[in-house]
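The structure appears below as structure tokens.
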Amino acid sequence: MSGRVEFFYDLVSPYSYLAHDRLRDVCGRQGAELVFRPMLLGALQRAVGLQAPVEVVPKSRYIYRDIQRWAGYYGIPLEFPDPFPFRTLATVRAALFCEGRGKLDAFTREAFDLYWAEGGAPKGMAGSDEQGPVSEVARRIGEDPEEVSEGASEPAVKEALKSATTEAQERGAFGAPTFFVGDEMFWGNDRLHFVEEALKRS
């Protein structure tokens with residue numbers, strides 16, 4: 001089999017973390033290319049008029065338990081970030097900068113692990129809260145933290161993030177994770193079996 005999966009995600013998204021490794025497995029089984037598409041989830045939700053789940057208290061409580069269940073089911077580590085949500089603007093821009101160096105895959109893997117498995121997520125919503133975590137991810141993938149920080153502030157990188165988020169919206173996305181197999185869209189960690197079926201047909 002062959003095919004291609006586009007994976008739209010934000011590092012603040014717990015369900016994107018849950019889907020990340022499983023999606024790798026799906027693509028591996030089907031011989032499919034996995035294309036990482038970082039976007040800014042908050043901007044996408046605002047653009048389509050959605051309220052973040054964490055702002056709905058009963059839903060927030062349920063989602064917290066649901067994420068714990070999925071992590072247990074998958075057998076993957078989870079240290080739920082505190083506080084949550086946390087800022088990821090610089091993180092996602094840094095990911096796109098690292099894409100230009102051929103290290104988007106590595107950046108994504110290390111950032112998900114640091115933020116969701118190791119308790120290393122940004123500790124708030126200020127820009128300075130991301131400096132330490134982004135620098136740590138940069139070091140882990142063999143990049144200079146200062147170069148990554150400066151690169152993430154380049155106008156071209158900022159525009160690339162805006163474009164990716166807008167593209168996700170225009171293609172019908174409203175949350176994360178969102179997957180595309182060709183023009184067919186799937187939303188959510190619990191839709192990976194449908195993603196795999198679509199790859200089998202591609």
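Residue numbering restarts at 1 for every chain of the structure tokens, chains are lettered A, B, ... in their displayed order, and ligands are numbered from 1 as they appear.
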> Which residues come within 12 Å of Arg65 (chain A), counting only C-alpha atoms, excluding same-chain residues fewer than 6 positions away, as a PyMOL selection string?
Replying inline: chain A and resi 14+58-59+71-72+78+80
>> I'd like the neighbourhood of region 129-135 of chain A as a ChimeraX atom specification, where a residue qualifies if any of its atoms comes within 10 Å (using only C-alpha atoms), though same-chain residues fewer than 2 positions away should be ignored.
In response: /A:86-92,94-95,107,111,114-115,120-127,137-140,143-149
Take the residues from that selection and write them out as a short mmCIF file (atom, residue, chain, number, x, y, z; two decimals), in the first residue's frame, keeping N, CA and C atoms.
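result22.cif written:
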```
data_model
loop_
_atom_site.label_atom_id
_atom_site.label_comp_id
_atom_site.auth_asym_id
_atom_site.auth_seq_id
_atom_site.Cartn_x
_atom_site.Cartn_y
_atom_site.Cartn_z
N PHE A 86 -1.54 25.93 27.82
CA PHE A 86 -0.29 26.69 27.87
C PHE A 86 -0.02 27.27 26.49
N ARG A 87 0.89 28.21 26.44
CA ARG A 87 1.19 28.93 25.20
C ARG A 87 2.06 28.08 24.28
N THR A 88 1.77 28.11 22.97
CA THR A 88 2.59 27.35 22.02
C THR A 88 2.95 28.15 20.77
N LEU A 89 2.70 29.44 20.75
CA LEU A 89 2.96 30.24 19.55
C LEU A 89 4.42 30.11 19.12
N ALA A 90 5.35 30.33 20.05
CA ALA A 90 6.78 30.23 19.71
C ALA A 90 7.16 28.80 19.38
N THR A 91 6.53 27.85 20.06
CA THR A 91 6.84 26.43 19.81
C THR A 91 6.50 26.04 18.38
N VAL A 92 5.29 26.41 17.95
CA VAL A 92 4.87 26.03 16.61
C VAL A 92 5.69 26.76 15.55
N ALA A 94 8.78 27.66 15.98
CA ALA A 94 10.08 26.99 16.00
C ALA A 94 10.02 25.68 15.22
N ALA A 95 8.90 24.98 15.34
CA ALA A 95 8.74 23.74 14.58
C ALA A 95 8.83 24.02 13.08
N PHE A 107 11.65 17.51 15.84
CA PHE A 107 11.17 18.56 16.75
C PHE A 107 9.81 18.17 17.31
N ALA A 111 9.14 17.58 21.26
CA ALA A 111 8.26 18.53 21.92
C ALA A 111 7.06 17.83 22.54
N LEU A 114 8.39 16.10 25.69
CA LEU A 114 8.71 17.04 26.76
C LEU A 114 7.44 17.63 27.38
N TYR A 115 6.50 18.03 26.54
CA TYR A 115 5.32 18.74 27.02
C TYR A 115 4.28 17.84 27.66
N GLY A 120 7.34 19.08 31.02
CA GLY A 120 8.17 20.21 30.63
C GLY A 120 7.47 21.26 29.80
N ALA A 121 6.15 21.27 29.79
CA ALA A 121 5.41 22.25 28.99
C ALA A 121 5.59 23.66 29.54
N PRO A 122 5.37 24.67 28.70
CA PRO A 122 5.41 26.06 29.20
C PRO A 122 4.47 26.24 30.39
N LYS A 123 4.89 27.07 31.33
CA LYS A 123 4.15 27.21 32.59
C LYS A 123 3.16 28.37 32.59
N GLY A 124 2.75 28.80 31.43
CA GLY A 124 1.78 29.88 31.38
C GLY A 124 1.56 30.36 29.96
N MET A 125 0.97 31.54 29.85
CA MET A 125 0.58 32.07 28.55
C MET A 125 1.42 33.27 28.12
N ALA A 126 2.50 33.57 28.84
CA ALA A 126 3.39 34.65 28.44
C ALA A 126 4.43 34.12 27.46
N GLY A 127 4.90 35.00 26.59
CA GLY A 127 5.90 34.59 25.61
C GLY A 127 7.14 34.02 26.27
N VAL A 137 13.98 21.62 23.54
CA VAL A 137 13.68 20.81 22.36
C VAL A 137 14.76 21.02 21.30
N ALA A 138 15.18 22.26 21.11
CA ALA A 138 16.23 22.54 20.13
C ALA A 138 17.51 21.77 20.47
N ARG A 139 17.90 21.78 21.73
CA ARG A 139 19.11 21.04 22.14
C ARG A 139 18.96 19.56 21.85
N ARG A 140 17.79 19.01 22.13
CA ARG A 140 17.57 17.58 21.95
C ARG A 140 17.72 17.14 20.50
N GLU A 143 20.13 21.27 17.57
CA GLU A 143 20.12 22.62 17.03
C GLU A 143 20.51 23.63 18.10
N ASP A 144 21.04 24.76 17.67
CA ASP A 144 21.41 25.82 18.60
C ASP A 144 20.15 26.54 19.07
N PRO A 145 19.89 26.58 20.38
CA PRO A 145 18.67 27.21 20.88
C PRO A 145 18.48 28.66 20.45
N GLU A 146 19.57 29.43 20.42
CA GLU A 146 19.45 30.83 20.02
C GLU A 146 19.08 30.95 18.55
N GLU A 147 19.66 30.10 17.72
CA GLU A 147 19.33 30.14 16.29
C GLU A 147 17.87 29.77 16.05
N VAL A 148 17.39 28.78 16.80
CA VAL A 148 15.99 28.38 16.64
C VAL A 148 15.07 29.49 17.12
N SER A 149 15.39 30.10 18.25
CA SER A 149 14.58 31.19 18.77
C SER A 149 14.53 32.36 17.80
#
```
> Which polymer residues have any atom within 12 Å of an atom of Ser202 (chain A), counting only C-alpha atoms, with same-chain residues fewer than 5 positions away left out, as a VMD selection string?
Replying inline: chain A and resid 1 to 5 30 to 33 180 to 184 195 to 197
>> Show me, as a list in words, the residues that have an atom within 8 Å of Phe179 (chain A) when counting only C-alpha atoms, minus same-chain residues fewer than 2 positions from it.
In response: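 My reading of the contact set: Val5, Glu6, Phe7, Phe8, Pro177, Val181, Met185, Phe186, Trp187 and Val195 of chain A.
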Can those selected residues be exported to a file as a PDB file, in the first residue's frame so that it contains C-alpha atoms?
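Output file again-v3.pdb is given in full below:
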```pdb
ATOM      1  CA  VAL A   5      -1.450  11.523   5.492  1.00  0.00           C
ATOM      2  CA  GLU A   6      -1.333  15.202   6.394  1.00  0.00           C
ATOM      3  CA  PHE A   7      -1.366  15.670  10.159  1.00  0.00           C
ATOM      4  CA  PHE A   8      -2.533  19.112  11.310  1.00  0.00           C
ATOM      5  CA  PRO A 177      -5.730  16.589  15.468  1.00  0.00           C
ATOM      6  CA  VAL A 181      -5.907  11.440   3.179  1.00  0.00           C
ATOM      7  CA  MET A 185     -10.775  14.718   6.363  1.00  0.00           C
ATOM      8  CA  PHE A 186     -10.770  12.943   9.728  1.00  0.00           C
ATOM      9  CA  TRP A 187     -10.836  14.651  13.109  1.00  0.00           C
ATOM     10  CA  VAL A 195      -7.494   6.995   8.416  1.00  0.00           C
TER      11      VAL A 195
END
```
> If you measure from CA of Ile141 (chain A) to CA of Leu11 (chain A), what distance in Å do you get, rounded to one decimal?
Replying inline: 16.4 Å
> So what do you get for CA of Gly119 (chain A) versus CA of Pro81 (chain A), distance-wise?
Replying inline: 6.0 Å
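For the atom pair formed by CA of Glu99 (chain A) and CA of Pro38 (chain A), the distance is 9.9 Å, given to one decimal.
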>> I'd like to know which residues of region 26-150 of chain A are alpha helix (DSSP H) (by DSSP, run on the backbone); could you write them as a PyMOL selection string?
In response: chain A and resi 26-30+41-48+57-74+89-99+104-112+131-140+145-150
>> From the options A:Arg93, A:Lys200, A:Arg37, A:His20, which residue's atoms come nearest to Ala156 (chain A), counting only C-alpha atoms?
In response: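 Looking at the shortest contact to Ala156 (chain A), the residue is A:Arg93.
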> What's the 12 Å shell around Ser60 (chain A), counting only C-alpha atoms, without same-chain residues fewer than 6 positions away, as a VMD selection string?
Replying inline: chain A and resid 51 to 54 66 to 67 84 to 85
C-alpha atoms of the current selection, written as a PDB file, in the first residue's frame:
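Listing of selection_0.pdb after writing:
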```
ATOM      1  CA  GLN A  51     -15.172  27.764  22.144  1.00  0.00           C
ATOM      2  CA  ALA A  52     -12.160  25.912  23.505  1.00  0.00           C
ATOM      3  CA  PRO A  53     -13.257  22.753  25.390  1.00  0.00           C
ATOM      4  CA  VAL A  54     -11.365  23.850  28.507  1.00  0.00           C
ATOM      5  CA  ASP A  66     -10.752  10.781  28.793  1.00  0.00           C
ATOM      6  CA  ILE A  67      -7.154  11.697  28.007  1.00  0.00           C
ATOM      7  CA  PHE A  84      -3.347  23.936  31.072  1.00  0.00           C
ATOM      8  CA  PRO A  85      -3.740  25.293  28.478  1.00  0.00           C
TER       9      PRO A  85
END
```
> Which residue gives the smallest distance to Gly151 (chain A) among A:Leu96, A:Leu199, A:Leu104, A:Ala164, with only C-alpha atoms counted?
Replying inline: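 Smallest separation from Gly151 (chain A) among the options: A:Leu96.
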